[in-house]
$ cat my_file-v8.cif   # mmCIF, C-alpha atoms, pLDDT in the B column; chains and numbers go by the auth columns
data_run
#
loop_
_atom_site.group_PDB
_atom_site.id
_atom_site.type_symbol
_atom_site.label_atom_id
_atom_site.label_comp_id
_atom_site.label_asym_id
_atom_site.label_seq_id
_atom_site.Cartn_x
_atom_site.Cartn_y
_atom_site.Cartn_z
_atom_site.B_iso_or_equiv
_atom_site.auth_seq_id
_atom_site.auth_asym_id
ATOM 1 C CA MET A 1 -18.496 -45.389 30.101 54.00 1 B
ATOM 2 C CA THR A 2 -15.703 -43.011 29.094 67.00 2 B
ATOM 3 C CA TRP A 3 -15.573 -41.472 25.618 63.00 3 B
ATOM 4 C CA THR A 4 -12.354 -43.355 24.836 58.00 4 B
ATOM 5 C CA ARG A 5 -13.965 -46.681 25.662 74.00 5 B
ATOM 6 C CA ALA A 6 -17.040 -45.759 23.629 71.00 6 B
ATOM 7 C CA PHE A 7 -14.804 -44.828 20.686 65.00 7 B
ATOM 8 C CA GLY A 8 -12.920 -48.114 21.040 69.00 8 B
ATOM 9 C CA ASN A 9 -16.168 -50.077 21.102 77.00 9 B
ATOM 10 C CA ALA A 10 -17.424 -48.249 18.007 76.00 10 B
ATOM 11 C CA CYS A 11 -14.193 -49.012 16.153 78.00 11 B
ATOM 12 C CA GLY A 12 -14.478 -52.637 17.214 84.00 12 B
ATOM 13 C CA VAL A 13 -18.019 -52.858 15.859 87.00 13 B
ATOM 14 C CA LEU A 14 -16.957 -51.269 12.567 86.00 14 B
ATOM 15 C CA LEU A 15 -13.983 -53.604 12.259 87.00 15 B
ATOM 16 C CA GLN A 16 -16.186 -56.626 12.900 91.00 16 B
ATOM 17 C CA LYS A 17 -18.588 -55.515 10.165 93.00 17 B
ATOM 18 C CA ILE A 18 -15.656 -55.335 7.757 91.00 18 B
ATOM 19 C CA VAL A 19 -14.559 -58.818 8.835 93.00 19 B
ATOM 20 C CA ASP A 20 -18.118 -60.147 8.402 93.00 20 B
ATOM 21 C CA GLY A 21 -18.313 -58.726 4.890 93.00 21 B
ATOM 22 C CA LEU A 22 -14.952 -60.162 3.869 92.00 22 B
ATOM 23 C CA ALA A 23 -15.823 -63.516 5.426 92.00 23 B
ATOM 24 C CA LEU A 24 -18.901 -63.755 3.198 91.00 24 B
ATOM 25 C CA THR A 25 -16.668 -63.498 0.114 91.00 25 B
ATOM 26 C CA ARG A 26 -14.597 -66.499 1.331 88.00 26 B
ATOM 27 C CA ILE A 27 -11.507 -64.574 0.289 94.00 27 B
ATOM 28 C CA SER A 28 -8.199 -66.115 1.329 95.00 28 B
ATOM 29 C CA PRO A 29 -6.657 -64.338 4.350 95.00 29 B
ATOM 30 C CA ASN A 30 -3.311 -64.601 2.567 96.00 30 B
ATOM 31 C CA ILE A 31 -4.687 -62.407 -0.216 96.00 31 B
ATOM 32 C CA LEU A 32 -5.738 -59.815 2.373 96.00 32 B
ATOM 33 C CA THR A 33 -2.238 -59.930 3.816 96.00 33 B
ATOM 34 C CA PHE A 34 -0.729 -59.391 0.369 97.00 34 B
ATOM 35 C CA ILE A 35 -3.110 -56.493 -0.363 97.00 35 B
ATOM 36 C CA GLY A 36 -1.770 -54.830 2.785 97.00 36 B
ATOM 37 C CA LEU A 37 1.748 -55.080 1.340 97.00 37 B
ATOM 38 C CA VAL A 38 0.614 -53.554 -1.966 98.00 38 B
ATOM 39 C CA ILE A 39 -1.014 -50.628 -0.149 98.00 39 B
ATOM 40 C CA ASN A 40 2.080 -50.046 2.001 98.00 40 B
ATOM 41 C CA THR A 41 4.174 -50.070 -1.158 98.00 41 B
ATOM 42 C CA GLY A 42 1.933 -47.279 -2.436 98.00 42 B
ATOM 43 C CA ALA A 43 2.693 -45.310 0.728 98.00 43 B
ATOM 44 C CA ALA A 44 6.408 -45.917 0.142 98.00 44 B
ATOM 45 C CA PHE A 45 6.090 -44.418 -3.344 98.00 45 B
ATOM 46 C CA LEU A 46 4.382 -41.359 -1.854 98.00 46 B
ATOM 47 C CA PHE A 47 7.302 -40.927 0.549 98.00 47 B
ATOM 48 C CA GLY A 48 9.813 -41.412 -2.246 97.00 48 B
ATOM 49 C CA PHE A 49 8.205 -38.905 -4.619 95.00 49 B
ATOM 50 C CA ALA A 50 7.892 -36.197 -1.965 97.00 50 B
ATOM 51 C CA ASN A 51 10.139 -33.155 -2.214 94.00 51 B
ATOM 52 C CA SER A 52 10.766 -29.940 -0.303 88.00 52 B
ATOM 53 C CA GLN A 53 7.763 -28.251 -1.942 93.00 53 B
ATOM 54 C CA ASN A 54 5.121 -30.968 -1.522 95.00 54 B
ATOM 55 C CA ASN A 55 6.423 -33.118 1.337 95.00 55 B
ATOM 56 C CA VAL A 56 3.684 -32.033 3.774 95.00 56 B
ATOM 57 C CA LYS A 57 0.935 -33.126 1.390 96.00 57 B
ATOM 58 C CA MET A 58 2.661 -36.293 0.167 97.00 58 B
ATOM 59 C CA PHE A 59 3.570 -37.400 3.687 98.00 59 B
ATOM 60 C CA ALA A 60 -0.009 -36.817 4.855 97.00 60 B
ATOM 61 C CA TYR A 61 -1.308 -38.910 1.964 98.00 61 B
ATOM 62 C CA ALA A 62 1.226 -41.608 2.835 98.00 62 B
ATOM 63 C CA GLY A 63 0.057 -41.607 6.456 97.00 63 B
ATOM 64 C CA LEU A 64 -3.559 -42.090 5.385 98.00 64 B
ATOM 65 C CA VAL A 65 -2.559 -44.891 3.015 98.00 65 B
ATOM 66 C CA ILE A 66 -0.666 -46.654 5.828 98.00 66 B
ATOM 67 C CA ILE A 67 -3.816 -46.449 7.961 96.00 67 B
ATOM 68 C CA GLY A 68 -5.699 -48.136 5.111 95.00 68 B
ATOM 69 C CA ALA A 69 -3.058 -50.862 4.938 96.00 69 B
ATOM 70 C CA GLY A 70 -3.369 -51.302 8.685 94.00 70 B
ATOM 71 C CA ILE A 71 -7.023 -52.251 8.279 93.00 71 B
ATOM 72 C CA PHE A 72 -5.992 -55.235 6.167 94.00 72 B
ATOM 73 C CA ASP A 73 -3.325 -56.068 8.729 92.00 73 B
ATOM 74 C CA MET A 74 -5.996 -56.141 11.430 91.00 74 B
ATOM 75 C CA VAL A 75 -8.625 -58.128 9.559 94.00 75 B
ATOM 76 C CA ASP A 76 -6.624 -60.910 7.878 94.00 76 B
ATOM 77 C CA GLY A 77 -6.224 -62.955 11.047 93.00 77 B
ATOM 78 C CA ARG A 78 -9.809 -62.333 12.128 94.00 78 B
ATOM 79 C CA VAL A 79 -11.117 -63.414 8.729 95.00 79 B
ATOM 80 C CA ALA A 80 -8.954 -66.542 8.920 95.00 80 B
ATOM 81 C CA ARG A 81 -10.443 -67.480 12.290 93.00 81 B
ATOM 82 C CA GLN A 82 -14.026 -66.630 11.328 94.00 82 B
ATOM 83 C CA THR A 83 -13.852 -68.648 8.100 93.00 83 B
ATOM 84 C CA GLN A 84 -11.804 -71.454 9.670 93.00 84 B
ATOM 85 C CA GLN A 85 -8.880 -70.862 7.327 94.00 85 B
ATOM 86 C CA VAL A 86 -6.216 -70.651 10.034 95.00 86 B
ATOM 87 C CA THR A 87 -3.032 -72.410 8.902 95.00 87 B
ATOM 88 C CA VAL A 88 0.581 -72.571 10.029 94.00 88 B
ATOM 89 C CA PHE A 89 1.640 -71.278 6.619 96.00 89 B
ATOM 90 C CA GLY A 90 -0.740 -68.336 6.981 95.00 90 B
ATOM 91 C CA ALA A 91 1.013 -67.250 10.175 93.00 91 B
ATOM 92 C CA PHE A 92 4.396 -67.621 8.459 95.00 92 B
ATOM 93 C CA PHE A 93 3.241 -65.722 5.367 96.00 93 B
ATOM 94 C CA ASP A 94 1.799 -62.900 7.484 96.00 94 B
ATOM 95 C CA SER A 95 5.104 -62.497 9.310 94.00 95 B
ATOM 96 C CA VAL A 96 7.132 -62.452 6.091 96.00 96 B
ATOM 97 C CA ILE A 97 4.839 -59.924 4.414 97.00 97 B
ATOM 98 C CA ASP A 98 4.974 -57.693 7.501 96.00 98 B
ATOM 99 C CA ARG A 99 8.767 -57.533 7.142 96.00 99 B
ATOM 100 C CA TYR A 100 8.460 -56.555 3.482 97.00 100 B
ATOM 101 C CA SER A 101 5.898 -53.880 4.380 97.00 101 B
ATOM 102 C CA ASP A 102 8.199 -52.402 7.025 96.00 102 B
ATOM 103 C CA VAL A 103 11.189 -52.341 4.685 97.00 103 B
ATOM 104 C CA ALA A 104 9.110 -50.799 1.882 97.00 104 B
ATOM 105 C CA LEU A 105 8.058 -47.866 4.075 98.00 105 B
ATOM 106 C CA PHE A 106 11.585 -47.200 5.272 98.00 106 B
ATOM 107 C CA PHE A 107 12.910 -47.550 1.748 97.00 107 B
ATOM 108 C CA GLY A 108 10.472 -44.865 0.632 98.00 108 B
ATOM 109 C CA LEU A 109 11.763 -42.553 3.367 98.00 109 B
ATOM 110 C CA LEU A 110 15.327 -43.398 2.407 97.00 110 B
ATOM 111 C CA VAL A 111 14.631 -42.342 -1.195 97.00 111 B
ATOM 112 C CA TYR A 112 13.017 -39.108 0.028 97.00 112 B
ATOM 113 C CA TYR A 113 16.050 -38.099 2.089 97.00 113 B
ATOM 114 C CA ALA A 114 18.470 -39.233 -0.623 97.00 114 B
ATOM 115 C CA ARG A 115 16.708 -37.063 -3.226 96.00 115 B
ATOM 116 C CA GLY A 116 16.976 -34.133 -0.824 95.00 116 B
ATOM 117 C CA ASN A 117 20.727 -34.736 -0.328 95.00 117 B
ATOM 118 C CA ARG A 118 20.248 -35.262 3.405 96.00 118 B
ATOM 119 C CA PHE A 119 22.931 -37.875 3.876 97.00 119 B
ATOM 120 C CA PHE A 120 22.670 -38.041 7.667 97.00 120 B
ATOM 121 C CA TYR A 121 18.993 -38.982 7.514 97.00 121 B
ATOM 122 C CA VAL A 122 19.679 -41.510 4.762 98.00 122 B
ATOM 123 C CA VAL A 123 22.003 -43.257 7.209 98.00 123 B
ATOM 124 C CA LEU A 124 19.496 -42.877 10.067 98.00 124 B
ATOM 125 C CA VAL A 125 16.641 -44.387 8.034 98.00 125 B
ATOM 126 C CA ALA A 126 18.906 -47.248 6.913 98.00 126 B
ATOM 127 C CA PHE A 127 19.798 -47.883 10.565 98.00 127 B
ATOM 128 C CA VAL A 128 16.131 -47.853 11.592 98.00 128 B
ATOM 129 C CA MET A 129 15.339 -50.247 8.747 97.00 129 B
ATOM 130 C CA VAL A 130 17.970 -52.700 9.997 97.00 130 B
ATOM 131 C CA THR A 131 16.905 -52.453 13.636 97.00 131 B
ATOM 132 C CA SER A 132 13.231 -52.959 12.744 96.00 132 B
ATOM 133 C CA VAL A 133 14.129 -56.205 11.008 95.00 133 B
ATOM 134 C CA MET A 134 16.375 -57.219 13.904 97.00 134 B
ATOM 135 C CA VAL A 135 13.567 -56.671 16.427 96.00 135 B
ATOM 136 C CA SER A 136 11.544 -59.302 14.597 94.00 136 B
ATOM 137 C CA TYR A 137 14.503 -61.571 13.860 95.00 137 B
ATOM 138 C CA THR A 138 15.728 -61.712 17.456 96.00 138 B
ATOM 139 C CA ARG A 139 12.269 -62.729 18.652 94.00 139 B
ATOM 140 C CA ALA A 140 11.845 -65.371 15.938 94.00 140 B
ATOM 141 C CA ARG A 141 15.328 -66.816 16.502 94.00 141 B
ATOM 142 C CA ALA A 142 14.946 -66.773 20.281 94.00 142 B
ATOM 143 C CA GLU A 143 11.557 -68.462 20.158 92.00 143 B
ATOM 144 C CA ALA A 144 13.064 -71.237 18.041 91.00 144 B
ATOM 145 C CA LEU A 145 15.420 -71.881 20.961 90.00 145 B
ATOM 146 C CA ILE A 146 13.516 -71.085 24.142 90.00 146 B
ATOM 147 C CA GLY A 147 9.850 -71.060 23.107 87.00 147 B
ATOM 148 C CA GLY A 148 8.989 -67.452 23.917 88.00 148 B
ATOM 149 C CA CYS A 149 10.614 -64.012 23.738 90.00 149 B
ATOM 150 C CA LYS A 150 8.005 -61.271 23.999 89.00 150 B
ATOM 151 C CA VAL A 151 10.174 -58.843 25.943 92.00 151 B
ATOM 152 C CA GLY A 152 10.848 -55.356 24.646 89.00 152 B
ATOM 153 C CA PHE A 153 8.582 -52.470 23.703 86.00 153 B
ATOM 154 C CA MET A 154 9.146 -51.556 20.065 92.00 154 B
ATOM 155 C CA GLU A 155 7.000 -54.119 18.266 92.00 155 B
ATOM 156 C CA ARG A 156 5.551 -53.596 14.794 93.00 156 B
ATOM 157 C CA PRO A 157 2.284 -51.886 15.905 92.00 157 B
ATOM 158 C CA GLU A 158 4.274 -49.279 17.817 95.00 158 B
ATOM 159 C CA ARG A 159 6.542 -48.688 14.818 96.00 159 B
ATOM 160 C CA ILE A 160 3.601 -48.266 12.460 96.00 160 B
ATOM 161 C CA VAL A 161 1.812 -45.841 14.794 96.00 161 B
ATOM 162 C CA LEU A 162 4.951 -43.720 15.064 97.00 162 B
ATOM 163 C CA ILE A 163 5.446 -43.674 11.287 98.00 163 B
ATOM 164 C CA ILE A 164 1.804 -42.644 10.807 97.00 164 B
ATOM 165 C CA LEU A 165 2.205 -39.810 13.333 97.00 165 B
ATOM 166 C CA GLY A 166 5.416 -38.685 11.662 97.00 166 B
ATOM 167 C CA ALA A 167 3.761 -38.694 8.250 97.00 167 B
ATOM 168 C CA LEU A 168 0.529 -36.948 9.260 97.00 168 B
ATOM 169 C CA PHE A 169 2.282 -34.246 11.284 97.00 169 B
ATOM 170 C CA ASN A 170 5.368 -33.699 9.173 94.00 170 B
ATOM 171 C CA ARG A 171 4.213 -30.096 8.678 93.00 171 B
ATOM 172 C CA TRP A 172 5.903 -29.543 12.032 94.00 172 B
ATOM 173 C CA GLY A 173 8.887 -31.750 11.213 94.00 173 B
ATOM 174 C CA VAL A 174 7.681 -34.674 13.321 96.00 174 B
ATOM 175 C CA MET A 175 9.181 -37.390 11.108 97.00 175 B
ATOM 176 C CA ALA A 176 12.761 -36.552 12.083 96.00 176 B
ATOM 177 C CA PRO A 177 12.265 -37.075 15.863 97.00 177 B
ATOM 178 C CA VAL A 178 10.129 -40.150 15.094 98.00 178 B
ATOM 179 C CA LEU A 179 13.119 -41.707 13.343 98.00 179 B
ATOM 180 C CA TRP A 180 15.303 -40.992 16.360 98.00 180 B
ATOM 181 C CA VAL A 181 12.753 -42.578 18.688 97.00 181 B
ATOM 182 C CA LEU A 182 12.548 -45.630 16.434 98.00 182 B
ATOM 183 C CA ALA A 183 16.332 -45.929 16.259 97.00 183 B
ATOM 184 C CA VAL A 184 16.822 -45.724 20.026 97.00 184 B
ATOM 185 C CA LEU A 185 13.873 -47.838 21.195 97.00 185 B
ATOM 186 C CA SER A 186 14.350 -50.515 18.520 97.00 186 B
ATOM 187 C CA THR A 187 17.998 -50.847 19.500 97.00 187 B
ATOM 188 C CA ILE A 188 17.047 -51.122 23.172 96.00 188 B
ATOM 189 C CA THR A 189 14.473 -53.792 22.286 96.00 189 B
ATOM 190 C CA VAL A 190 17.054 -55.826 20.355 97.00 190 B
ATOM 191 C CA ILE A 191 19.549 -55.591 23.236 97.00 191 B
ATOM 192 C CA HIS A 192 16.804 -56.560 25.719 96.00 192 B
ATOM 193 C CA ARG A 193 15.937 -59.656 23.689 96.00 193 B
ATOM 194 C CA ILE A 194 19.581 -60.667 23.331 96.00 194 B
ATOM 195 C CA ARG A 195 20.067 -60.345 27.078 95.00 195 B
ATOM 196 C CA TYR A 196 16.839 -62.205 27.846 95.00 196 B
ATOM 197 C CA THR A 197 17.763 -65.044 25.500 95.00 197 B
ATOM 198 C CA TYR A 198 21.241 -65.230 27.014 94.00 198 B
ATOM 199 C CA GLU A 199 19.782 -65.554 30.500 92.00 199 B
ATOM 200 C CA GLN A 200 17.264 -68.191 29.378 91.00 200 B
ATOM 201 C CA THR A 201 19.840 -70.278 27.525 91.00 201 B
ATOM 202 C CA ARG A 202 22.566 -70.298 30.198 87.00 202 B
ATOM 203 C CA SER A 203 21.132 -73.434 31.774 75.00 203 B
ATOM 204 C CA LEU A 204 20.575 -75.259 28.475 72.00 204 B
ATOM 205 C CA ALA A 205 22.931 -77.937 27.247 59.00 205 B
ATOM 206 C CA PRO A 206 25.179 -76.861 24.361 63.00 206 B
ATOM 207 C CA ILE A 207 24.011 -77.697 20.846 57.00 207 B
ATOM 208 C CA ARG A 208 26.229 -80.319 19.264 55.00 208 B
#

$ encode --input "my_file-v8.cif" --output "structure tokens"
Amino acid sequence: MTWTRAFGNACGVLLQKIVDGLALTRISPNILTFIGLVINTGAAFLFGFANSQNNVKMFAYAGLVIIGAGIFDMVDGRVARQTQQVTVFGAFFDSVIDRYSDVALFFGLLVYYARGNRFFYVVLVAFVMVTSVMVSYTRARAEALIGGCKVGFMERPERIVLIILGALFNRWGVMAPVLWVLAVLSTITVIHRIRYTYEQTRSLAPIR
């Protein structure tokens, strides 16, 4: 067994223990989902209150907070299945809250760059915010028409991992290239999904 697999197994065991503990409380998975949003909002405030003197520390704190929020994002569905609380609304609510969490993080970065009078990066963050929403919207809209649209790379987990890396390693200015990567790959993902949906719908009868 490789060390990476052993580490993955250990993380899986730890995550399952967290799920088991939460399942015993019979807490609603929707509450766990909402707690994740609250924690991400805290990370957004850390981004927003950062400045040129403390940005390394504040960004690192924000990265750690986002990791904490990610735990709730990982366990809410597992708790729902383990406690037999899986509902259609729960899936809908999880998706909606994920969008709010994404926007909150980018809004925090937008405030940070605005306070530093870095207009170009304000525009870049706003663009990334829009494309992140469009990645999710194009999939949801396409799946309402053709049943499935899982093409494209830049899904939410990839975005969150990149933001965490940018935050934790901003001492070396990593957040700026992270935003560029997000902007380019999210745009490519949106275009890929538009093209895929176009190809899948060409043979369908027009909607009257």

$ closest_atom_pairs --input "my_file-v8.cif" --of "segment 72-157 of chain B" --to "segment 30-33 of chain B" --cutoff "10 Å" --atoms "all atoms listed in the file" --output "CSV"
residue,atom,partner,partner_atom,distance
B:Phe72,CA,B:Leu32,CA,6.0
B:Asp73,CA,B:Thr33,CA,6.3
B:Met74,CA,B:Thr33,CA,9.3
B:Val75,CA,B:Leu32,CA,7.9
B:Asp76,CA,B:Leu32,CA,5.7
B:Gly77,CA,B:Thr33,CA,8.8
B:Val79,CA,B:Leu32,CA,9.1
B:Ala80,CA,B:Asn30,CA,8.7
B:Gln85,CA,B:Asn30,CA,9.6
B:Phe89,CA,B:Asn30,CA,9.2
B:Gly90,CA,B:Asn30,CA,6.3
B:Ala91,CA,B:Asn30,CA,9.1
B:Phe93,CA,B:Asn30,CA,7.2
B:Asp94,CA,B:Thr33,CA,6.2
B:Ser95,CA,B:Thr33,CA,9.5
B:Val96,CA,B:Thr33,CA,10.0
B:Ile97,CA,B:Thr33,CA,7.1
B:Asp98,CA,B:Thr33,CA,8.4

$ resolve_selection --input "my_file-v8.cif" --expression "the PyMOL selection byres ((chain B and resi 42) around 12)" --output "PyMOL selection string"
chain B and resi 35-41+43-49+58-59+61-69+101+104-105+107-108

$ closest_residue --input "my_file-v8.cif" --among "B:Ile146, B:Val184, B:Val161, B:Val178" --to "Thr201 of chain B" --atoms "all atoms listed in the file"
B:Ile146

$ residues_around --input "my_file-v8.cif" --residues "Ala176 of chain B" --least-positions-apart "3" --cutoff "12 Å" --atoms "all atoms listed in the file" --output "list of chain:residue names"
B:Leu109, B:Tyr113, B:Arg118, B:Phe120, B:Tyr121, B:Val122, B:Leu124, B:Val125, B:Val128, B:Leu162, B:Ile163, B:Leu165, B:Gly166, B:Ala167, B:Phe169, B:Asn170, B:Arg171, B:Trp172, B:Gly173, B:Leu179, B:Trp180, B:Val181, B:Leu182, B:Ala183

$ closest_residue --input "my_file-v8.cif" --among "B:Arg99, B:Ser132, B:Ala6, B:Gly70" --to "Thr187 of chain B" --atoms "only C-alpha atoms"
B:Ser132

$ resolve_selection --input "my_file-v8.cif" --expression "the PyMOL selection byres ((chain B and resi 13-23) around 8)" --output "list in words"
Asn9, Ala10, Cys11, Gly12, Leu24, Thr25, Arg26, Ile27, Val75, Arg78, Val79, Gln82 and Thr83 of chain B

$ atom_distance --input "my_file-v8.cif" --atom1 "atom CA of Thr197 of chain B" --atom2 "atom CA of Leu145 of chain B"
8.5 Å

$ atom_distance --input "my_file-v8.cif" --atom1 "atom CA of Ile194 of chain B" --atom2 "atom CA of Thr138 of chain B"
7.1 Å

$ atom_distance --input "my_file-v8.cif" --atom1 "atom CA of Val111 of chain B" --atom2 "atom CA of Met134 of chain B"
21.3 Å

$ closest_residue --input "my_file-v8.cif" --among "B:Ser28, B:Glu199, B:Pro177, B:Ile191" --to "Gln84 of chain B" --atoms "all atoms listed in the file"
B:Ser28

$ closest_residue --input "my_file-v8.cif" --among "B:Val123, B:Asn117, B:Phe92, B:Leu110" --to "Ala140 of chain B" --atoms "only C-alpha atoms"
B:Phe92

$ residues_near_point --input "my_file-v8.cif" --point "(8.6, -63.2, 16.5)" --cutoff "10 Å" --atoms "only C-alpha atoms" --output "PyMOL selection string"
chain B and resi 95+135-144+148-150+155

$ write_last_selection --input "my_file-v8.cif" --atoms "C-alpha atoms" --output "short mmCIF file (atom, residue, chain, number, x, y, z; two decimals), keeping the file's coordinate frame"
data_model
loop_
_atom_site.label_atom_id
_atom_site.label_comp_id
_atom_site.auth_asym_id
_atom_site.auth_seq_id
_atom_site.Cartn_x
_atom_site.Cartn_y
_atom_site.Cartn_z
CA SER B 95 5.10 -62.50 9.31
CA VAL B 135 13.57 -56.67 16.43
CA SER B 136 11.54 -59.30 14.60
CA TYR B 137 14.50 -61.57 13.86
CA THR B 138 15.73 -61.71 17.46
CA ARG B 139 12.27 -62.73 18.65
CA ALA B 140 11.84 -65.37 15.94
CA ARG B 141 15.33 -66.82 16.50
CA ALA B 142 14.95 -66.77 20.28
CA GLU B 143 11.56 -68.46 20.16
CA ALA B 144 13.06 -71.24 18.04
CA GLY B 148 8.99 -67.45 23.92
CA CYS B 149 10.61 -64.01 23.74
CA LYS B 150 8.01 -61.27 24.00
CA GLU B 155 7.00 -54.12 18.27
#

$ build_atoms --input "my_file-v8.cif" --residues "segment 69-82 of chain B" --atoms "N, CA and C atoms" --output "PDB file, keeping the file's coordinate frame"
ATOM      1  N   ALA B  69      -3.748 -49.567   4.933  1.00 96.00           N
ATOM      2  CA  ALA B  69      -3.058 -50.862   4.938  1.00 96.00           C
ATOM      3  C   ALA B  69      -3.211 -51.549   6.291  1.00 96.00           C
ATOM      4  N   GLY B  70      -3.229 -50.741   7.345  1.00 94.00           N
ATOM      5  CA  GLY B  70      -3.369 -51.302   8.685  1.00 94.00           C
ATOM      6  C   GLY B  70      -4.688 -52.023   8.883  1.00 94.00           C
ATOM      7  N   ILE B  71      -5.725 -51.572   8.176  1.00 93.00           N
ATOM      8  CA  ILE B  71      -7.023 -52.251   8.279  1.00 93.00           C
ATOM      9  C   ILE B  71      -6.894 -53.691   7.794  1.00 93.00           C
ATOM     10  N   PHE B  72      -6.197 -53.878   6.670  1.00 94.00           N
ATOM     11  CA  PHE B  72      -5.992 -55.235   6.167  1.00 94.00           C
ATOM     12  C   PHE B  72      -5.136 -56.056   7.127  1.00 94.00           C
ATOM     13  N   ASP B  73      -4.179 -55.383   7.765  1.00 92.00           N
ATOM     14  CA  ASP B  73      -3.325 -56.068   8.729  1.00 92.00           C
ATOM     15  C   ASP B  73      -4.125 -56.533   9.942  1.00 92.00           C
ATOM     16  N   MET B  74      -5.178 -55.780  10.271  1.00 91.00           N
ATOM     17  CA  MET B  74      -5.996 -56.141  11.430  1.00 91.00           C
ATOM     18  C   MET B  74      -7.038 -57.202  11.109  1.00 91.00           C
ATOM     19  N   VAL B  75      -7.500 -57.242   9.860  1.00 94.00           N
ATOM     20  CA  VAL B  75      -8.625 -58.128   9.559  1.00 94.00           C
ATOM     21  C   VAL B  75      -8.200 -59.500   9.030  1.00 94.00           C
ATOM     22  N   ASP B  76      -6.968 -59.632   8.509  1.00 94.00           N
ATOM     23  CA  ASP B  76      -6.624 -60.910   7.878  1.00 94.00           C
ATOM     24  C   ASP B  76      -6.696 -62.082   8.847  1.00 94.00           C
ATOM     25  N   GLY B  77      -6.161 -61.885  10.051  1.00 93.00           N
ATOM     26  CA  GLY B  77      -6.224 -62.955  11.047  1.00 93.00           C
ATOM     27  C   GLY B  77      -7.639 -63.222  11.520  1.00 93.00           C
ATOM     28  N   ARG B  78      -8.420 -62.167  11.692  1.00 94.00           N
ATOM     29  CA  ARG B  78      -9.809 -62.333  12.128  1.00 94.00           C
ATOM     30  C   ARG B  78     -10.637 -63.063  11.073  1.00 94.00           C
ATOM     31  N   VAL B  79     -10.407 -62.718   9.810  1.00 95.00           N
ATOM     32  CA  VAL B  79     -11.117 -63.414   8.729  1.00 95.00           C
ATOM     33  C   VAL B  79     -10.716 -64.881   8.703  1.00 95.00           C
ATOM     34  N   ALA B  80      -9.426 -65.155   8.915  1.00 95.00           N
ATOM     35  CA  ALA B  80      -8.954 -66.542   8.920  1.00 95.00           C
ATOM     36  C   ALA B  80      -9.649 -67.352  10.004  1.00 95.00           C
ATOM     37  N   ARG B  81      -9.788 -66.761  11.189  1.00 93.00           N
ATOM     38  CA  ARG B  81     -10.443 -67.480  12.290  1.00 93.00           C
ATOM     39  C   ARG B  81     -11.938 -67.632  12.039  1.00 93.00           C
ATOM     40  N   GLN B  82     -12.575 -66.586  11.524  1.00 94.00           N
ATOM     41  CA  GLN B  82     -14.026 -66.630  11.328  1.00 94.00           C
ATOM     42  C   GLN B  82     -14.414 -67.590  10.212  1.00 94.00           C
TER      43      GLN B  82
END
